[in-house]
Amino acid sequence: MFKLGQVTLGNGERLYATRFDSSLVYVVTFRRIDPLWVVDISDASHPKIAGEVQVPGYSNYIQPLGDRLVTVGLDSSNSWRVAVSLFDVHDPGAPALLSKVALGENSSWSEANTDEKAFNVMTDRHLILLPFQGYLTNGYATRIQLIDLNRDSLALRGTIDHPCQPRRAAVHNDRILSLSGQELLSVDATDRDHPRIKATVPLAWSVDQVFAQGTHLIELTSASWWWWNGQPAPALRITPANEPDHVLDEVQLPNQFPILGAAVRNGRLYVAQGQQNFGSVPLADDSDPGQPTNPPPNLFISIYDVSALPGVKLLGETDAMVEPLGWSANFEVVWPKAGVLVLTGGGGGYWDPWLDWGIARPAGPVGGGFAMPIYWGNNGGRLIAFDVGDAAAPKFLSDVNLAKNAWWNFSPAYTVNGLVFLSHEAVEAFPPVVTDGKDTNSPPVDYWVQRWYLDVVDYADAANPAVRKPVNIPGSLKGVAHAGDLLYTVGEHWTNATNWWWDGTEYLDASAYDGVEAHLIDSLKLSSYWPHPVLVNGDAIFVGHPSETTTVKNLLETWSLSSAGKFTQLGKTELSGAAQNLANFGDLLAAQIGNQVSLFNVTDPTAPALLVTSDPPGCVWFDLNKADGALDRGLWLPLGVYGVSVIALPATP
């Protein structure tokens with residue numbers, strides 16, 4: 001219940017909007033319908049209800065226009081769509097709805113529902129400009145709606161589309177200026193049913209990956225399918241390294257597919273674009289009824305000369321039709337040998353534990369109970385090779401898809417002497433161990449064991465790479481050393497054979513690999529507290545050790561494997577907090593600590609030297625693996641829609 005003086009309004013209803021206009025107050029309340037109340041306050045000590053009118057939904061904002069009112073709100077009779085209403089209030093005792101228009105086809109929303117500054121009513125031009133967003137039959141729309149405002153009616157006219165949420169629109173001279181967080185549009189609306197965009201001024205752009213090249217920065221907008229409220233065009237921009245918001249050149253990419261991976265090598269930029277899809281996943285027999293008979297290419301490689309920035313020159317490009325890349329597909333670039341580029345990674349699929357479709361499943365059940373464990377996805381496991389030896393004529397070589405075997409959680413890939421190393425997880429039915437007819441301390445029936453395996457792909461013949469038989473290893477692969485003879489992994493140790501349970505502890509393991517089997521050399525118990533990231537950099541291993549007690553500090557530790565085959569601590573340094581992620585750029589090591597980044601000089605890995613700690617602006621998520629930096633220059637950190645944060649090194653005395 002709401003009281004205005006001695007006047008009771010909307011018993012049991014919620015107040016949504018009020019507006020004072022001379023001796024009248026307009027009030028909107030709502031429960032199931034929207035009463036618009038007109039309250040006469042000409043006698044302030046004795047206010048009284050002059051009249052009311054009820055319409056579906058409610059209004060958030062009321063704009064008096066003499067003997068008319070225009071409001072914006074939501075219409076409950078139209079799937080909760082944004083609605084603009086026009087009322088006749090010339091007689092306060094008998095307010096009447098003259099006209100109402102609802103925006104969008106299904107549910108919709110407008111910033112004007114919470115901020116009236118987004119609702120632009122221009123009576124002199126008989127026009128209303130209103131931003132809104134919502135689902136249409138052909139997708140999601142983010143638009144400015146033009147609405148004719150006449151004395152007794154409203155009419156929907158054309159729309160101005162933006163790739164992301166528009167915020168404001170106004171008329172200047174003979175143009176409509178339409179503003180979003182990404183761009184400013186100049187629009188000719190002489191024909192209000194068909195507004196035409198005449199000019200676009202970029203105001204902001206997403207930076208998803210950066211490459212520092214001399215005095216310049218290469219900024220990539222990946223344009224993944226989920227970005228903003230719609231998919232913008234993928235982009236390649238060149239900026240000064242010290243002014244990442246000043247665009248010197250913007251390169252038109254060959255197609256509009258998202259950027260899935262990129263790399264810079266020897267003055268050339270390699271860009272992979274492809275179709276991220278939700279398509280059906282191959283069945284166990286490798287068939288896929290959801291794919292067309294003659295599908296178009298879905299993966300593209302472009303090579304640019306970036307040796308003379310800010311100038312960029314397209315050298316060559318090619319395309320390929322490969323199996324579906326999966327949802328949210330992304331790739332890293334590795335080089336098993338000169339002239340051979342391999343995209344490693346991929347997208348997600350799924351494996352249904354109940355139905356007879358999905359990715360090929362492992363062995364059947366041991367006994368009764370569940371038919372198999374639930375398999376949640378398979379991001380990674382693709383290795384797609386291209387010959388880029390001739391930059392003017394790159395060509396597709398091969399596609400190795402390890403994700404067809406219900407393998408999952410693939411590690412990053414590492415290359416040594418023409419070989420690509422990575423790991424995956426898998427689950428297997430663990431059969432009972434029976435001795436003299438009795439089950440001897442084996443897991444229960446239908447028990448599934450989770451294991452890690454090493455995958456090695458030999459690119460001696462890159463058009464026909466040889467995939468070695470997977471080798472059981474102690475955990476997820478974190479790095480290789482000594483020409484591939486030494487593997488570093490992180491995983492759990494199942495030490496209690498009686499209850500088949502894990503206490504949450506992880507270990508860094510070193511294993512010898514002879515091409516056929518892996519043999520454990522030594523183990524290092526990691527902190528039982530999280531996070532505890534591990535970064536292998538040649539013979540040095542950096543480990544984040546979070547504080548376990550008030551007397552133990554958060555640490556960055558350096559370890560190595562001695563010639564005697566034992567983990568040996570080389571050094572340690574204190575951190576301002578627990579390290580969540582570690583990345584290296586030559587001898588520059590970056591540690592993510594919450595929303596901070598600390599940079600270290602690790603030229604001497606036994607004594608990491610703190611250079612600077614910086615907070616990127618705002619509370620934003622970032623990926624160190626998409627950054628770039630150098631020991632003598634600092635770090636450039638992409639922040640997605642928030643641009644680039646430059647972490648400069650302190651000046652030397």
# chains A, B, ... in the order shown; residues from 1 in each chain; ligands from 1
$ residues_around --residues "range 481-484 of chain A" --least-positions-apart "3" --cutoff "7 Å" --atoms "only C-alpha atoms" --output "PyMOL selection string"
chain A and resi 416+487+538
$ residues_around --residues "Tyr642 in chain A" --least-positions-apart "2" --cutoff "9 Å" --atoms "only C-alpha atoms" --output "number ranges by chain"
A: 204-207, 617-618, 620, 638-640, 644-645
$ residues_around --residues "Pro95 in chain A" --least-positions-apart "2" --cutoff "12 Å" --atoms "only C-alpha atoms" --output "list of chain:residue names"
A:Tyr26, A:Pro35, A:Leu36, A:Trp37, A:Val38, A:Val39, A:Ile49, A:Ala50, A:Gly51, A:Glu52, A:Val53, A:Gln54, A:Val55, A:Asp67, A:Arg68, A:Leu69, A:Leu86, A:Phe87, A:Asp88, A:Val89, A:His90, A:Asp91, A:Pro92, A:Gly93, A:Leu97, A:Leu98
$ write_last_selection --atoms "N, CA, C and O atoms" --output "mmCIF file, in the first residue's frame"
data_model
loop_
_atom_site.group_PDB
_atom_site.id
_atom_site.type_symbol
_atom_site.label_atom_id
_atom_site.label_comp_id
_atom_site.auth_asym_id
_atom_site.auth_seq_id
_atom_site.Cartn_x
_atom_site.Cartn_y
_atom_site.Cartn_z
ATOM 1 N N TYR A 26 1.081 12.048 -11.659
ATOM 2 C CA TYR A 26 0.752 10.799 -12.348
ATOM 3 C C TYR A 26 1.522 9.674 -11.666
ATOM 4 O O TYR A 26 2.732 9.770 -11.448
ATOM 5 N N PRO A 35 -2.446 0.212 -13.272
ATOM 6 C CA PRO A 35 -3.292 1.393 -13.105
ATOM 7 C C PRO A 35 -2.446 2.657 -13.231
ATOM 8 O O PRO A 35 -1.413 2.777 -12.580
ATOM 9 N N LEU A 36 -2.867 3.552 -14.105
ATOM 10 C CA LEU A 36 -2.295 4.886 -14.164
ATOM 11 C C LEU A 36 -3.228 5.801 -13.386
ATOM 12 O O LEU A 36 -4.392 5.998 -13.761
ATOM 13 N N TRP A 37 -2.717 6.318 -12.280
ATOM 14 C CA TRP A 37 -3.518 7.177 -11.407
ATOM 15 C C TRP A 37 -3.206 8.641 -11.711
ATOM 16 O O TRP A 37 -2.054 9.001 -11.941
ATOM 17 N N VAL A 38 -4.262 9.454 -11.691
ATOM 18 C CA VAL A 38 -4.109 10.903 -11.772
ATOM 19 C C VAL A 38 -4.545 11.480 -10.432
ATOM 20 O O VAL A 38 -5.701 11.314 -10.017
ATOM 21 N N VAL A 39 -3.601 12.122 -9.729
ATOM 22 C CA VAL A 39 -3.872 12.665 -8.396
ATOM 23 C C VAL A 39 -3.836 14.188 -8.470
ATOM 24 O O VAL A 39 -2.861 14.772 -8.960
ATOM 25 N N ILE A 49 -7.763 11.614 -5.583
ATOM 26 C CA ILE A 49 -7.665 10.878 -6.842
ATOM 27 C C ILE A 49 -8.642 11.493 -7.824
ATOM 28 O O ILE A 49 -9.851 11.545 -7.565
ATOM 29 N N ALA A 50 -8.111 11.970 -8.936
ATOM 30 C CA ALA A 50 -8.975 12.557 -9.950
ATOM 31 C C ALA A 50 -9.502 11.494 -10.904
ATOM 32 O O ALA A 50 -10.664 11.539 -11.327
ATOM 33 N N GLY A 51 -8.648 10.514 -11.280
ATOM 34 C CA GLY A 51 -9.081 9.479 -12.205
ATOM 35 C C GLY A 51 -8.030 8.396 -12.345
ATOM 36 O O GLY A 51 -6.922 8.503 -11.809
ATOM 37 N N GLU A 52 -8.383 7.361 -13.082
ATOM 38 C CA GLU A 52 -7.446 6.264 -13.325
ATOM 39 C C GLU A 52 -7.832 5.523 -14.586
ATOM 40 O O GLU A 52 -8.986 5.574 -15.038
ATOM 41 N N VAL A 53 -6.850 4.835 -15.170
ATOM 42 C CA VAL A 53 -7.090 3.960 -16.307
ATOM 43 C C VAL A 53 -6.182 2.745 -16.143
ATOM 44 O O VAL A 53 -5.051 2.856 -15.669
ATOM 45 N N GLN A 54 -6.706 1.566 -16.508
ATOM 46 C CA GLN A 54 -5.949 0.328 -16.317
ATOM 47 C C GLN A 54 -5.590 -0.286 -17.666
ATOM 48 O O GLN A 54 -6.441 -0.404 -18.554
ATOM 49 N N VAL A 55 -4.299 -0.672 -17.787
ATOM 50 C CA VAL A 55 -3.800 -1.319 -19.001
ATOM 51 C C VAL A 55 -2.876 -2.452 -18.585
ATOM 52 O O VAL A 55 -2.324 -2.433 -17.479
ATOM 53 N N ASP A 67 -1.557 18.061 -22.535
ATOM 54 C CA ASP A 67 -2.725 17.232 -22.221
ATOM 55 C C ASP A 67 -2.536 15.790 -22.695
ATOM 56 O O ASP A 67 -3.493 15.040 -22.830
ATOM 57 N N ARG A 68 -1.293 15.423 -22.951
ATOM 58 C CA ARG A 68 -0.958 14.043 -23.320
ATOM 59 C C ARG A 68 0.165 13.540 -22.403
ATOM 60 O O ARG A 68 0.940 14.315 -21.841
ATOM 61 N N LEU A 69 0.221 12.221 -22.273
ATOM 62 C CA LEU A 69 1.332 11.558 -21.587
ATOM 63 C C LEU A 69 1.890 10.499 -22.514
ATOM 64 O O LEU A 69 1.138 9.782 -23.181
ATOM 65 N N LEU A 86 0.673 6.047 -25.249
ATOM 66 C CA LEU A 86 0.251 7.444 -25.336
ATOM 67 C C LEU A 86 -1.122 7.576 -24.682
ATOM 68 O O LEU A 86 -2.057 6.854 -25.031
ATOM 69 N N PHE A 87 -1.230 8.493 -23.717
ATOM 70 C CA PHE A 87 -2.472 8.694 -22.971
ATOM 71 C C PHE A 87 -3.014 10.103 -23.209
ATOM 72 O O PHE A 87 -2.249 11.074 -23.338
ATOM 73 N N ASP A 88 -4.351 10.190 -23.200
ATOM 74 C CA ASP A 88 -5.053 11.474 -23.231
ATOM 75 C C ASP A 88 -5.421 11.825 -21.790
ATOM 76 O O ASP A 88 -6.175 11.101 -21.141
ATOM 77 N N VAL A 89 -4.867 12.946 -21.277
ATOM 78 C CA VAL A 89 -5.156 13.362 -19.904
ATOM 79 C C VAL A 89 -5.728 14.786 -19.884
ATOM 80 O O VAL A 89 -5.585 15.506 -18.903
ATOM 81 N N HIS A 90 -6.367 15.158 -20.999
ATOM 82 C CA HIS A 90 -6.936 16.507 -21.014
ATOM 83 C C HIS A 90 -8.008 16.651 -19.953
ATOM 84 O O HIS A 90 -8.211 17.718 -19.383
ATOM 85 N N ASP A 91 -8.723 15.554 -19.661
ATOM 86 C CA ASP A 91 -9.684 15.514 -18.555
ATOM 87 C C ASP A 91 -9.081 14.629 -17.474
ATOM 88 O O ASP A 91 -9.084 13.400 -17.592
ATOM 89 N N PRO A 92 -8.504 15.202 -16.387
ATOM 90 C CA PRO A 92 -7.857 14.382 -15.359
ATOM 91 C C PRO A 92 -8.784 13.347 -14.737
ATOM 92 O O PRO A 92 -8.313 12.333 -14.217
ATOM 93 N N GLY A 93 -10.083 13.594 -14.836
ATOM 94 C CA GLY A 93 -11.015 12.636 -14.256
ATOM 95 C C GLY A 93 -11.288 11.450 -15.149
ATOM 96 O O GLY A 93 -11.878 10.459 -14.696
ATOM 97 N N LEU A 97 -6.223 5.642 -22.670
ATOM 98 C CA LEU A 97 -5.133 5.159 -23.508
ATOM 99 C C LEU A 97 -5.491 5.399 -24.965
ATOM 100 O O LEU A 97 -6.512 4.901 -25.453
ATOM 101 N N LEU A 98 -4.653 6.153 -25.678
ATOM 102 C CA LEU A 98 -4.900 6.436 -27.088
ATOM 103 C C LEU A 98 -4.205 5.431 -28.007
ATOM 104 O O LEU A 98 -4.754 5.026 -29.028
#
$ closest_residue --among "A:Ala578, A:Leu130, A:Ala320, A:Val467" --to "Leu397 in chain A" --atoms "only C-alpha atoms"
A:Ala320
$ atom_distance --atom1 "CA of Gln63 in chain A" --atom2 "CA of Glu183 in chain A"
28.3 Å
$ residues_around --residues "Leu325 in chain A" --least-positions-apart "5" --cutoff "8 Å" --atoms "only C-alpha atoms" --output "number ranges by chain"
A: 274-277, 346-347
$ write_last_selection --atoms "C-alpha atoms" --output "tab-separated table (two decimals), in the first residue's frame"
chain	number	residue	atom	x	y	z
A	274	GLY	CA	36.75	-21.06	-38.83
A	275	GLN	CA	33.18	-21.93	-38.12
A	276	GLN	CA	32.39	-22.57	-34.47
A	277	ASN	CA	29.31	-24.70	-34.50
A	346	GLY	CA	39.36	-27.75	-30.93
A	347	GLY	CA	35.89	-27.34	-29.57
$ closest_residue --among "A:Leu486, A:Leu582, A:Ile176, A:Ala118" --to "Pro195 in chain A" --atoms "only C-alpha atoms"
A:Ile176
$ atom_distance --atom1 "CA of Ala540 in chain A" --atom2 "CA of Thr558 in chain A"
6.6 Å
$ closest_residue --among "A:Leu422, A:Ile218, A:Val480, A:Ala169" --to "Asp628 in chain A" --atoms "only C-alpha atoms"
A:Ile218
